[in-house]
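Have a look at the structure below before the remarks.
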Amino acid sequence: MDTKTHQAVIDTSRLARPAGAAANGDNAHRRIRISVLRFNPQKPGDVPRMQAYELEEADGMTLFIALNEIRDKQDPSLQFDFVCRAGICGSCAMLIDGRPGLACRTLTKNLGAEITLAPLPYFELIGDLSVNTGKWMRAMSERLQTWVHAKQREIDLTRIEERMDPDLAEKIYELDRCIECGCCVAACGTARMREDFVGAIGLNKIARFRLDPRDARTDADYYELVGDDDGVFGCMSLLACHDVCPKNLPLATQIAFVRRAMVRQGFE
Amino acid sequence: MKVNYTDVLVIGGGLAGLRLAVAAKRRGHDALVLSLVPPKRSHSKAAQGGMQASLGNVIKGQGDNEDVHFEDTVRGSDWGADQEVVRMFVNTAPKAVRELAAWGVPWSRIRKGDRTVIINGQKVTITERDEAHGLLAQRDFGGTKKWRTCYVSDGTGHAMLQAVGDQAIGNGIPVHERAEALALIHDGSRCYGAVVRDLITGELSAYVAKATAIATGGAGRLYRVTTNAVICEGIGHALALETGVAALGNMEAVQFHPTAIVPAGILVTEGCRGDGGLLKDADGHRFMPDYEPEKKELASRDVVSRRMEEHIAKGKGVKSRFGDHLWLDITLLGEHHIKHNLREVYDICHYFLGIDPVRDMIPVRPAQHYTMGGVRTKPTGESPTLKGLFAAGEAACWDMHGFNRLGGNSVAETVVAGMIVGEFISDFCDREDLAIPLGLVRDAVEREQAKLDALLSGKGSESASVLKAEMQSLMTEKVGIFRTGENLQQAVDTLQQLLVRSRSIGVPYKASGANPELVTAYRTQKMIKLALTIAYGALARTESRGAHFRHDYPRRNDAEWLKRTLATWKSETDTLPTLAYEPLDVKKMELPPGWRGYGAKDYIDHPDTAARLAEVEAIKTKYADDRFARQAALLPFEHLLPERLRGRNERIDEPFAAAPAQKVA
């Protein structure tokens with residue numbers, strides 16, 4: 001779908017949060033109104049439009065619960081993606097009042113009575129709130145070869161494992177916590193301009209494998225992967241990726257590390 | 001008709017399916033994975049606390065080995081497990097965890113020297129050995145004698161899935177995402193692949209393969225309250241069941257996890273209790289030692305869940321608008337520990353409960369968590385009744401969990417089964433040719449298309465979502481932690497009515513492409529059948545074993561029930577599965593039935609138990625000095641493993657001689 005059209009719809013429909021809406025008591029159930037950007041590219045003649053649904057808020061209601069209730073009771077055609085509904089699988093990233101985030105762990109009580117939902121921009125739209133992040137992530141992984149390039153292919157599995165410094169293991173896990181939800185790419189200014197930009201997610205993966213002593217690759221190898229404007233030199237340091245990452249990954253710092261290493265490599 | 005061909009068709013893109021595909025690919029076979037969702041979003045990801053493998057690196061794991069892991073697993077299973085398979089598993093688990101270490105999983109590592117841990121509510125200082133520094137760390141988990149659970153903070157499944165998923169990509173294995181198998185293609189004796197629906201376009205196509213593997217995970221969504229992801233609807237189980245030939249084993253064995261948050265049902269890891277967290281009641285009293293003086297909070301999950309419900313029934317639960325619950329208290333672990341080793345728990349509490357587990361207790365109550373039952377297979381992973389059909393992981397019953405799975409044994413099983421079954425499926429492909437019966441394939445596709453057409457344009461008026469919700473409530477209320485003949489009979493009766501009604505489902509939203517309502521419709525028809533295998537199997541099993549607890553038959557009865565339930569669905573017009581039983585042979589058991597070390601102490605012995613116990617004791621005395629010789633005399637298993645996965649496992653306390661012993665992956 002045309003990203004620009006999509007974005008225009010969001011901008012004009014974005015609603016201010018009514019003052020004091022979130023201060024509602026737990027017991028007084030509000031009526032909430034959820035406006036969804038609808039469009040099914042599979043359906044001939046369909047056009048993007050906003051559609052509003054009203055429902056009564058419940059205790060502990062998340063957008064996962066709300067959207068399922070809408071689909072069950074009001075509109076069986078509404079498309080969205082949830083899997084874990086616990087904030088760990090990255091399926092349900094969408095624009096929530098214009099900001100990329102995980103719908104499953106967003107409590108409606110923390111939002112106003114008027115909520116606007118739209119699919120993540122940038123990714124291929126499947127329909128309504130469902131986008132094809134999986135396809136993009138696979139392509140990114142193939143391009144950046146996001147797997148450990150082991151020093152030797154054959155490992156003797158009967159022997160004691162190789163040692164690793166406990167702090168280093170924790171540092172690698174810190175970067176390995178990425179759930180590939182796509183929020184960083186959806187929020188990225190560079191991705192808007194450069195279709196092939198690897199995104200903060202891609203650069204974070206490079207940072208992760210650079211840290212990992214099990215990976216045989218050197219900076220010269222990584223330079224081949226991200227040493228250009230579709231890689232680390234395309235980043236304009238707008239840092240929206242860092243702001244919206246649901247896992248609070250240190251993306252700004254990691255991109256800076258990778259950039260410095262790639263500049264050094266560029267001079268070699 | 002569109003037909004895709006491959007050697008190994010893997011249905012399900014979680015840890016088991018991906019690892020199996022990698023094994024097949026490395027053996028030179030083409031593998032293709034079908035997945036409802038991008039594979040890294042599979043439910044394997046939700047495994048938090050860790051993976052059991054008897055490395056014995058940490059000081060509290062010293063002395064651990066395959067024998068101890070074996071005994072813990074068999075006791076955990078309440079003697080329902082196949083002991084040969086358990087042996088295969090415990091011998092491969094260290095290899096699997098070490099392979100993953102080489103593949104990049106950032107396992108938490110040991111730091112030498114003193115550290116403070118919480119054991120039984122007390123701060124204790126333990127000292128890790130110098131020679132263990134930098135090796136994989138282990139934490140305590142329920143039902144284990146040693147600290148054995150290897151972990152990556154509390155994102156173990158996530159990190160494992162990341163590494164295995166990336167290996168699948170690195171090996172160039174295609175994953176067809178948002179693709180759903182609707183039926184297996186078979187002729188009653190041989191499986192040829194599956195009829196598959198594209199969830200975006202609605203298009204049906206045939207996937208034809210030499211071997212087909214079901215690795216679709218569990219069936220938690222048959223229940224209203226479950227920790228399982230929304231995609232865990234048991235559809236893989238149902239695919240096998242609907243062949244009428246393949247059997248499902250022990251479907252009545254359903255695990256309830258003690259600590260799901262209230263009300264969302266999201267899991268907080270057993271690692272909370274393993275690391276020293278306590279369960280408390282409305283009075284702030286730590287009640288588990290009153291019931292289980294030996295293992296307290298760390299008895300097996302079935303026992304802890306029952307004790308919690310028992311305590312709530314005594315009026316000791318905390319009242320809330322979502323019903324009663326109990327408290328999980330991890331405040332004693334301290335901020336640093338929680339924010340480093342239990343960070344997902346921290347996030348879940350923050351986002352879903354609005355509390356800070358560093359200061360606040362977590363409201364918890366048991367919820368459906370794991371499906372021990374599954375597609376019955378041989379130790380090779382192949383169905384004994386439908387050639388060319390394999391299964392691995394939670395969807396399978398090969399059967400290593402029996403009637404209760406230990407925490408940390410499920411993610412371990414996924415990769416271990418992926419490795420083992422991946423080798424056997426490759427052997428199968430090496431030896432078998434495939435004569436493709438195109439007429440059969442076409443018939444299968446047309447039959448599925450006709451079913452979809454009937455749902456979309458037939459006269460049906462039943463609502464799938466209403467039937468599904470009724471089934472889920474019924475399962476939670478009548479086929480839950482505590483069961484009775486009366487409740488189970490009601491459940492079976494009502495489920496049969498729901499099944500009949502499900503044959504008249506109508507789908508008002510007519511789109512043939514992406515259509516969530518149509519998906520709910522065809523899945524609900526399958527799910528009700530599956531629910532019946534659970535309820536009917538539970539009704540028939542007049543004893544209590546592991547997670548299957550009958551108030552009216554509270555004792556384990558080895559004399560009559562030391563056997564595996566096999567459920568098949570003989571005809572489309574049936575409203576009940578056909579049950580058969582497969583005995584477990586006490587005379588071959590390495591660990592004959594006895595007391596588990598926790599839970600109920602009275603049970604009815606099998607007539608062969610005493611004789612086998614005496615035999616086992618004699619063998620143990622004879623080979624007192626050599627655990628390997630002793631084990632081989634008790635239950636030879638190594639010949640059952642694929643050749644490349646055989647061999648002992650090195651440990652700090654069991655070092656190999658300088659030259660590498662054998663075997664490379």
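Labeling convention for the structure tokens: chains A, B, ... as they appear, residues from 1 per chain, ligands from 1 in order of appearance.
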
Point to revise | Residue neighbourhood Gly60 (chain A), 10 Å, only C-alpha atoms, exclusion window fewer than 4 positions, as a ChimeraX atom specification | key: /A:26,65,106-109 /B:262-264,352-354

Which residues of chain A have any atom within 7 Å of an atom in chain B when counting only C-alpha atoms, and what is the closest pair of atoms for each, with the distance in Å to one decimal? Order the rows by chain and rising number and write it as a tab-separated table.
```
residue	atom	partner	partner_atom	distance
A:Pro76	CA	B:Glu517	CA	5.7
A:Ser77	CA	B:Asn515	CA	6.1
A:Val83	CA	B:Val230	CA	5.3
A:Cys84	CA	B:Ala229	CA	4.3
A:Arg85	CA	B:Ala229	CA	6.8
A:Ala86	CA	B:Ile266	CA	6.4
A:Cys89	CA	B:Arg41	CA	4.7
A:Gly90	CA	B:Arg41	CA	6.8
A:Ser91	CA	B:Arg41	CA	6.7
A:Arg105	CA	B:Tyr351	CA	5.9
A:Ile126	CA	B:Ile200	CA	7.0
A:Gly134	CA	B:Pro38	CA	5.0
A:Glu142	CA	B:Ile169	CA	6.7
A:Gln145	CA	B:Gly170	CA	6.9
A:Thr146	CA	B:Asp166	CA	6.4
A:Trp147	CA	B:Asp166	CA	5.3
A:Val148	CA	B:Gly104	CA	5.9
A:Glu154	CA	B:Ala665	CA	5.8
A:Ile155	CA	B:Val664	CA	5.7
A:Asp156	CA	B:Val664	CA	4.5
A:Leu157	CA	B:Lys95	CA	4.9
A:Thr158	CA	B:Asn649	CA	4.7
A:Arg159	CA	B:Glu650	CA	5.1
A:Ile160	CA	B:Glu650	CA	5.6
A:Glu161	CA	B:Arg98	CA	5.7
A:Arg163	CA	B:Gly134	CA	4.6
A:Met164	CA	B:Gly134	CA	4.7
A:Asp165	CA	B:Gly134	CA	5.2
A:Pro166	CA	B:Arg109	CA	4.7
A:Ala169	CA	B:Pro106	CA	5.2
A:Glu170	CA	B:Ser108	CA	6.7
A:Ile172	CA	B:Pro106	CA	6.2
A:Tyr173	CA	B:Pro106	CA	5.5
A:Asp176	CA	B:Ala159	CA	6.9
A:Arg214	CA	B:Gly104	CA	6.8
```

Write out, as a compact mmCIF listing (two decimals), in the first residue's frame, the residues just selected, with N, CA and C atoms.
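File written: out29.txt
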```
# COMPACT_ATOMS: atom_id res chain seq x y z
N PRO A 76 -16.70 -9.36 12.43
CA PRO A 76 -15.87 -10.55 12.25
C PRO A 76 -14.79 -10.38 11.19
N SER A 77 -14.85 -9.30 10.43
CA SER A 77 -13.88 -9.17 9.34
C SER A 77 -12.61 -8.45 9.76
N VAL A 83 -0.24 -13.16 19.18
CA VAL A 83 0.16 -14.54 19.43
C VAL A 83 0.30 -14.76 20.93
N CYS A 84 1.34 -14.18 21.54
CA CYS A 84 1.60 -14.51 22.95
C CYS A 84 0.68 -13.75 23.88
N ARG A 85 0.20 -12.61 23.48
CA ARG A 85 -0.56 -11.63 24.26
C ARG A 85 0.11 -11.29 25.61
N ALA A 86 1.46 -11.44 25.64
CA ALA A 86 2.19 -11.17 26.87
C ALA A 86 3.39 -10.25 26.64
N CYS A 89 6.32 -11.70 21.93
CA CYS A 89 6.51 -12.30 20.61
C CYS A 89 6.62 -11.27 19.49
N GLY A 90 6.18 -10.03 19.74
CA GLY A 90 6.35 -8.98 18.74
C GLY A 90 5.35 -8.99 17.61
N SER A 91 4.26 -9.75 17.72
CA SER A 91 3.29 -9.85 16.62
C SER A 91 2.41 -8.62 16.47
N ARG A 105 0.04 -5.40 25.36
CA ARG A 105 0.35 -5.01 26.73
C ARG A 105 -0.05 -3.56 27.00
N ILE A 126 -1.13 -6.49 5.18
CA ILE A 126 -1.92 -7.69 4.87
C ILE A 126 -3.40 -7.31 4.89
N GLY A 134 6.98 -10.45 9.24
CA GLY A 134 7.74 -11.70 9.13
C GLY A 134 8.55 -11.74 7.85
N GLU A 142 18.47 -12.63 6.14
CA GLU A 142 19.26 -13.22 5.05
C GLU A 142 20.33 -12.24 4.58
N GLN A 145 22.88 -11.79 7.34
CA GLN A 145 23.39 -13.09 7.81
C GLN A 145 23.43 -13.13 9.34
N THR A 146 22.24 -13.00 9.92
CA THR A 146 22.14 -12.84 11.37
C THR A 146 22.19 -14.17 12.11
N TRP A 147 23.20 -14.96 11.81
CA TRP A 147 23.42 -16.16 12.60
C TRP A 147 24.92 -16.25 12.90
N VAL A 148 25.23 -16.97 13.97
CA VAL A 148 26.63 -17.11 14.34
C VAL A 148 27.38 -17.83 13.23
N GLU A 154 31.87 -28.20 12.71
CA GLU A 154 31.61 -29.40 13.51
C GLU A 154 32.05 -29.16 14.95
N ILE A 155 31.12 -29.38 15.87
CA ILE A 155 31.45 -29.21 17.27
C ILE A 155 31.31 -30.58 17.93
N ASP A 156 32.20 -30.90 18.84
CA ASP A 156 32.06 -32.14 19.60
C ASP A 156 31.10 -31.90 20.75
N LEU A 157 29.89 -32.39 20.59
CA LEU A 157 28.83 -32.09 21.55
C LEU A 157 28.98 -32.85 22.86
N THR A 158 29.89 -33.81 22.89
CA THR A 158 30.04 -34.57 24.13
C THR A 158 30.95 -33.84 25.12
N ARG A 159 31.70 -32.86 24.63
CA ARG A 159 32.68 -32.18 25.48
C ARG A 159 32.07 -30.97 26.19
N ILE A 160 32.75 -30.57 27.28
CA ILE A 160 32.33 -29.38 28.02
C ILE A 160 32.30 -28.17 27.09
N GLU A 161 31.28 -27.34 27.25
CA GLU A 161 31.12 -26.18 26.39
C GLU A 161 32.27 -25.17 26.56
N ARG A 163 33.98 -21.70 27.43
CA ARG A 163 33.67 -20.72 28.47
C ARG A 163 33.36 -19.36 27.88
N MET A 164 32.59 -18.59 28.63
CA MET A 164 32.36 -17.20 28.24
C MET A 164 32.27 -16.38 29.52
N ASP A 165 32.80 -15.18 29.46
CA ASP A 165 32.73 -14.31 30.62
C ASP A 165 31.25 -14.03 30.95
N PRO A 166 30.86 -14.17 32.23
CA PRO A 166 29.45 -14.00 32.57
C PRO A 166 28.90 -12.61 32.21
N ALA A 169 28.21 -12.55 28.46
CA ALA A 169 26.99 -13.28 28.14
C ALA A 169 25.77 -12.40 28.39
N GLU A 170 25.81 -11.67 29.49
CA GLU A 170 24.68 -10.80 29.81
C GLU A 170 24.57 -9.65 28.82
N ILE A 172 25.47 -9.73 25.68
CA ILE A 172 24.93 -10.26 24.43
C ILE A 172 23.42 -10.45 24.57
N TYR A 173 23.00 -10.99 25.70
CA TYR A 173 21.56 -11.19 25.89
C TYR A 173 20.83 -9.86 25.84
N ASP A 176 20.22 -9.36 22.43
CA ASP A 176 19.48 -10.48 21.87
C ASP A 176 17.99 -10.41 22.25
N ARG A 214 31.92 -16.10 19.58
CA ARG A 214 31.70 -17.34 18.83
C ARG A 214 31.59 -17.08 17.34
```

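Rounded to one decimal, CA of Leu249 (chain A) and CA of Gln79 (chain A) lie 28.9 Å from each other.
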
Need to verify the contact set: Asp81 (chain A), 10 Å, only C-alpha atoms, exclusion of same-chain residues closer than 6 positions in sequence. Can you return it as a JSON list (two decimals) with N, CA, C and O atoms, in the first residue's frame?
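Output below, filename part.json:
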```json
[["chain", "number", "residue", "atom", "x", "y", "z"],
["A", 64, "PHE", "N", -5.56, -6.01, 23.28],
["A", 64, "PHE", "CA", -5.79, -7.41, 22.86],
["A", 64, "PHE", "C", -7.23, -7.83, 23.20],
["A", 64, "PHE", "O", -7.95, -8.36, 22.34],
["A", 90, "GLY", "N", 6.18, -10.03, 19.74],
["A", 90, "GLY", "CA", 6.35, -8.98, 18.74],
["A", 90, "GLY", "C", 5.35, -8.99, 17.61],
["A", 90, "GLY", "O", 5.52, -8.29, 16.61],
["A", 91, "SER", "N", 4.26, -9.75, 17.72],
["A", 91, "SER", "CA", 3.29, -9.85, 16.62],
["A", 91, "SER", "C", 2.41, -8.62, 16.47],
["A", 91, "SER", "O", 1.94, -8.32, 15.39],
["A", 92, "CYS", "N", 2.10, -7.96, 17.59],
["A", 92, "CYS", "CA", 0.97, -7.04, 17.61],
["A", 92, "CYS", "C", 1.36, -5.59, 17.55],
["A", 92, "CYS", "O", 0.59, -4.72, 17.95],
["A", 93, "ALA", "N", 2.59, -5.31, 17.06],
["A", 93, "ALA", "CA", 2.98, -3.90, 16.96],
["A", 93, "ALA", "C", 2.03, -3.17, 16.02],
["A", 93, "ALA", "O", 1.68, -3.69, 14.95],
["A", 94, "MET", "N", 1.58, -2.00, 16.44],
["A", 94, "MET", "CA", 0.71, -1.17, 15.59],
["A", 94, "MET", "C", 0.85, 0.27, 16.05],
["A", 94, "MET", "O", 1.53, 0.55, 17.05],
["A", 103, "ALA", "N", 0.31, -3.72, 21.11],
["A", 103, "ALA", "CA", -1.09, -3.58, 21.52],
["A", 103, "ALA", "C", -1.43, -4.48, 22.70],
["A", 103, "ALA", "O", -2.21, -4.11, 23.56],
["A", 104, "CYS", "N", -0.82, -5.67, 22.75],
["A", 104, "CYS", "CA", -1.26, -6.65, 23.75],
["A", 104, "CYS", "C", -1.01, -6.19, 25.16],
["A", 104, "CYS", "O", -1.73, -6.55, 26.08],
["A", 128, "ASP", "N", -6.09, -4.34, 7.35],
["A", 128, "ASP", "CA", -6.41, -3.64, 8.60],
["A", 128, "ASP", "C", -5.14, -3.43, 9.44],
["A", 128, "ASP", "O", -4.23, -2.76, 9.00],
["A", 129, "LEU", "N", -5.09, -4.08, 10.62],
["A", 129, "LEU", "CA", -3.97, -3.84, 11.53],
["A", 129, "LEU", "C", -2.86, -4.87, 11.36],
["A", 129, "LEU", "O", -1.89, -4.89, 12.10],
["A", 130, "SER", "N", -3.02, -5.76, 10.38],
["A", 130, "SER", "CA", -2.07, -6.86, 10.19],
["A", 130, "SER", "C", -1.05, -6.50, 9.10],
["A", 130, "SER", "O", -1.44, -6.16, 7.98],
["A", 131, "VAL", "N", 0.22, -6.54, 9.46],
["A", 131, "VAL", "CA", 1.27, -6.25, 8.47],
["A", 131, "VAL", "C", 2.25, -7.41, 8.40],
["A", 131, "VAL", "O", 2.38, -8.18, 9.34],
["B", 37, "VAL", "N", 2.40, -18.34, 11.93],
["B", 37, "VAL", "CA", 2.92, -17.00, 12.21],
["B", 37, "VAL", "C", 4.39, -16.98, 11.85],
["B", 37, "VAL", "O", 4.98, -18.04, 11.65],
["B", 230, "VAL", "N", -2.32, -17.60, 21.76],
["B", 230, "VAL", "CA", -3.62, -17.78, 21.12],
["B", 230, "VAL", "C", -3.59, -18.78, 19.96],
["B", 230, "VAL", "O", -4.63, -19.27, 19.54]]
```

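Within 10 Å of Gly189 (chain A), once only C-alpha atoms are used and residues closer than 5 positions along the same chain are dropped, the contacting residues are Cys184, Arg194, Gly199, Gly234, Cys235, Met236, Ser237, Leu238, Leu239, Ala240 and Cys241 of chain A.
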
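Running DSSP on the backbone and keeping only alpha helix (DSSP H), the residues of region 206-243 of chain A that qualify are Ile206, Ala207, Arg208, Phe209, Arg210, Leu211, Asp219, Ala220, Asp221, Tyr222, Tyr223, Glu224, Leu225, Val226, Ala240, Cys241, His242 and Asp243 of chain A.
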
Go ahead and dump the residues you just picked, N, CA and C atoms, as an mmCIF file, in the first residue's frame.
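Final file, result_6.cif:
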```
data_model
loop_
_atom_site.group_PDB
_atom_site.id
_atom_site.type_symbol
_atom_site.label_atom_id
_atom_site.label_comp_id
_atom_site.auth_asym_id
_atom_site.auth_seq_id
_atom_site.Cartn_x
_atom_site.Cartn_y
_atom_site.Cartn_z
ATOM 1 N N ILE A 206 23.826 -6.563 14.096
ATOM 2 C CA ILE A 206 25.262 -6.515 13.805
ATOM 3 C C ILE A 206 26.045 -6.258 15.092
ATOM 4 N N ALA A 207 25.539 -5.325 15.905
ATOM 5 C CA ALA A 207 26.209 -5.033 17.181
ATOM 6 C C ALA A 207 26.271 -6.287 18.043
ATOM 7 N N ARG A 208 25.204 -7.052 18.034
ATOM 8 C CA ARG A 208 25.137 -8.274 18.833
ATOM 9 C C ARG A 208 26.169 -9.313 18.383
ATOM 10 N N PHE A 209 26.275 -9.504 17.062
ATOM 11 C CA PHE A 209 27.223 -10.517 16.578
ATOM 12 C C PHE A 209 28.672 -10.029 16.693
ATOM 13 N N ARG A 210 28.881 -8.707 16.597
ATOM 14 C CA ARG A 210 30.238 -8.164 16.811
ATOM 15 C C ARG A 210 30.724 -8.480 18.224
ATOM 16 N N LEU A 211 29.784 -8.445 19.176
ATOM 17 C CA LEU A 211 30.148 -8.717 20.570
ATOM 18 C C LEU A 211 30.481 -10.184 20.807
ATOM 19 N N ASP A 219 35.276 -6.971 11.454
ATOM 20 C CA ASP A 219 34.669 -5.708 11.026
ATOM 21 C C ASP A 219 34.702 -5.544 9.508
ATOM 22 N N ALA A 220 35.710 -6.147 8.875
ATOM 23 C CA ALA A 220 35.754 -6.078 7.409
ATOM 24 C C ALA A 220 34.523 -6.776 6.816
ATOM 25 N N ASP A 221 34.133 -7.871 7.422
ATOM 26 C CA ASP A 221 32.929 -8.576 6.954
ATOM 27 C C ASP A 221 31.674 -7.752 7.225
ATOM 28 N N TYR A 222 31.606 -7.181 8.421
ATOM 29 C CA TYR A 222 30.411 -6.387 8.758
ATOM 30 C C TYR A 222 30.315 -5.142 7.887
ATOM 31 N N TYR A 223 31.508 -4.606 7.516
ATOM 32 C CA TYR A 223 31.513 -3.422 6.654
ATOM 33 C C TYR A 223 30.827 -3.740 5.326
ATOM 34 N N GLU A 224 31.057 -4.936 4.832
ATOM 35 C CA GLU A 224 30.396 -5.349 3.584
ATOM 36 C C GLU A 224 28.875 -5.361 3.747
ATOM 37 N N LEU A 225 28.419 -5.621 4.947
ATOM 38 C CA LEU A 225 26.976 -5.751 5.177
ATOM 39 C C LEU A 225 26.311 -4.416 5.474
ATOM 40 N N VAL A 226 26.963 -3.566 6.275
ATOM 41 C CA VAL A 226 26.283 -2.327 6.716
ATOM 42 C C VAL A 226 27.124 -1.070 6.538
ATOM 43 N N ALA A 240 14.166 7.986 17.078
ATOM 44 C CA ALA A 240 12.805 7.531 17.386
ATOM 45 C C ALA A 240 12.810 6.035 17.694
ATOM 46 N N CYS A 241 13.706 5.302 17.017
ATOM 47 C CA CYS A 241 13.824 3.856 17.279
ATOM 48 C C CYS A 241 14.050 3.600 18.761
ATOM 49 N N HIS A 242 14.967 4.356 19.303
ATOM 50 C CA HIS A 242 15.334 4.223 20.711
ATOM 51 C C HIS A 242 14.137 4.558 21.616
ATOM 52 N N ASP A 243 13.400 5.574 21.221
ATOM 53 C CA ASP A 243 12.263 6.005 22.048
ATOM 54 C C ASP A 243 11.133 4.988 22.061
#
```

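For the choices B:Gly594, B:Pro437, B:Gly143, B:Gly422, the atom-to-atom distance to Lys25 (chain B) is smallest for B:Gly422 when using only C-alpha atoms.
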
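Running DSSP on the backbone gives strand (DSSP E) for these residues within region 72-238 of chain A: A:Ala93, A:Met94, A:Leu95, A:Ile96, A:Arg99, A:Pro100, A:Gly101, A:Leu102, A:Glu114, A:Ile115, A:Thr116, A:Leu117, A:Ala118, A:Leu125, A:Ile126, A:Gly127, A:Ser130, A:Val131.
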
Practice item. Mind checking which residues fall within 12 Å of Ala209 (chain B), counting only C-alpha atoms, ignoring those fewer than 4 positions away in the same chain, and posting them as a PyMOL selection string? Key: chain B and resi 3-11+29-33+184-186+190-195+213+388-390+425+428-429+432-437+441

Practice item. Write out as a list of chain:residue names the residues lying within 6 Å of Trp398 (chain B), counting only C-alpha atoms and excluding same-chain residues fewer than 5 positions away. Key: B:Arg376, B:Thr377, B:Lys378, B:Pro379

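Proximity to Tyr536 (chain B) was assessed for B:Val68, B:Ala253, B:Ala624, B:Val268 counting only C-alpha atoms; the smallest distance is recorded for B:Ala253.
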
Practice item. Show which residues sit within 7 Å of region 37-44 of chain A, as a VMD selection string. Count only C-alpha atoms, and ignore same-chain residues fewer than 3 positions away. Key: chain A and resid 47 to 51 117 to 118 126 to 128
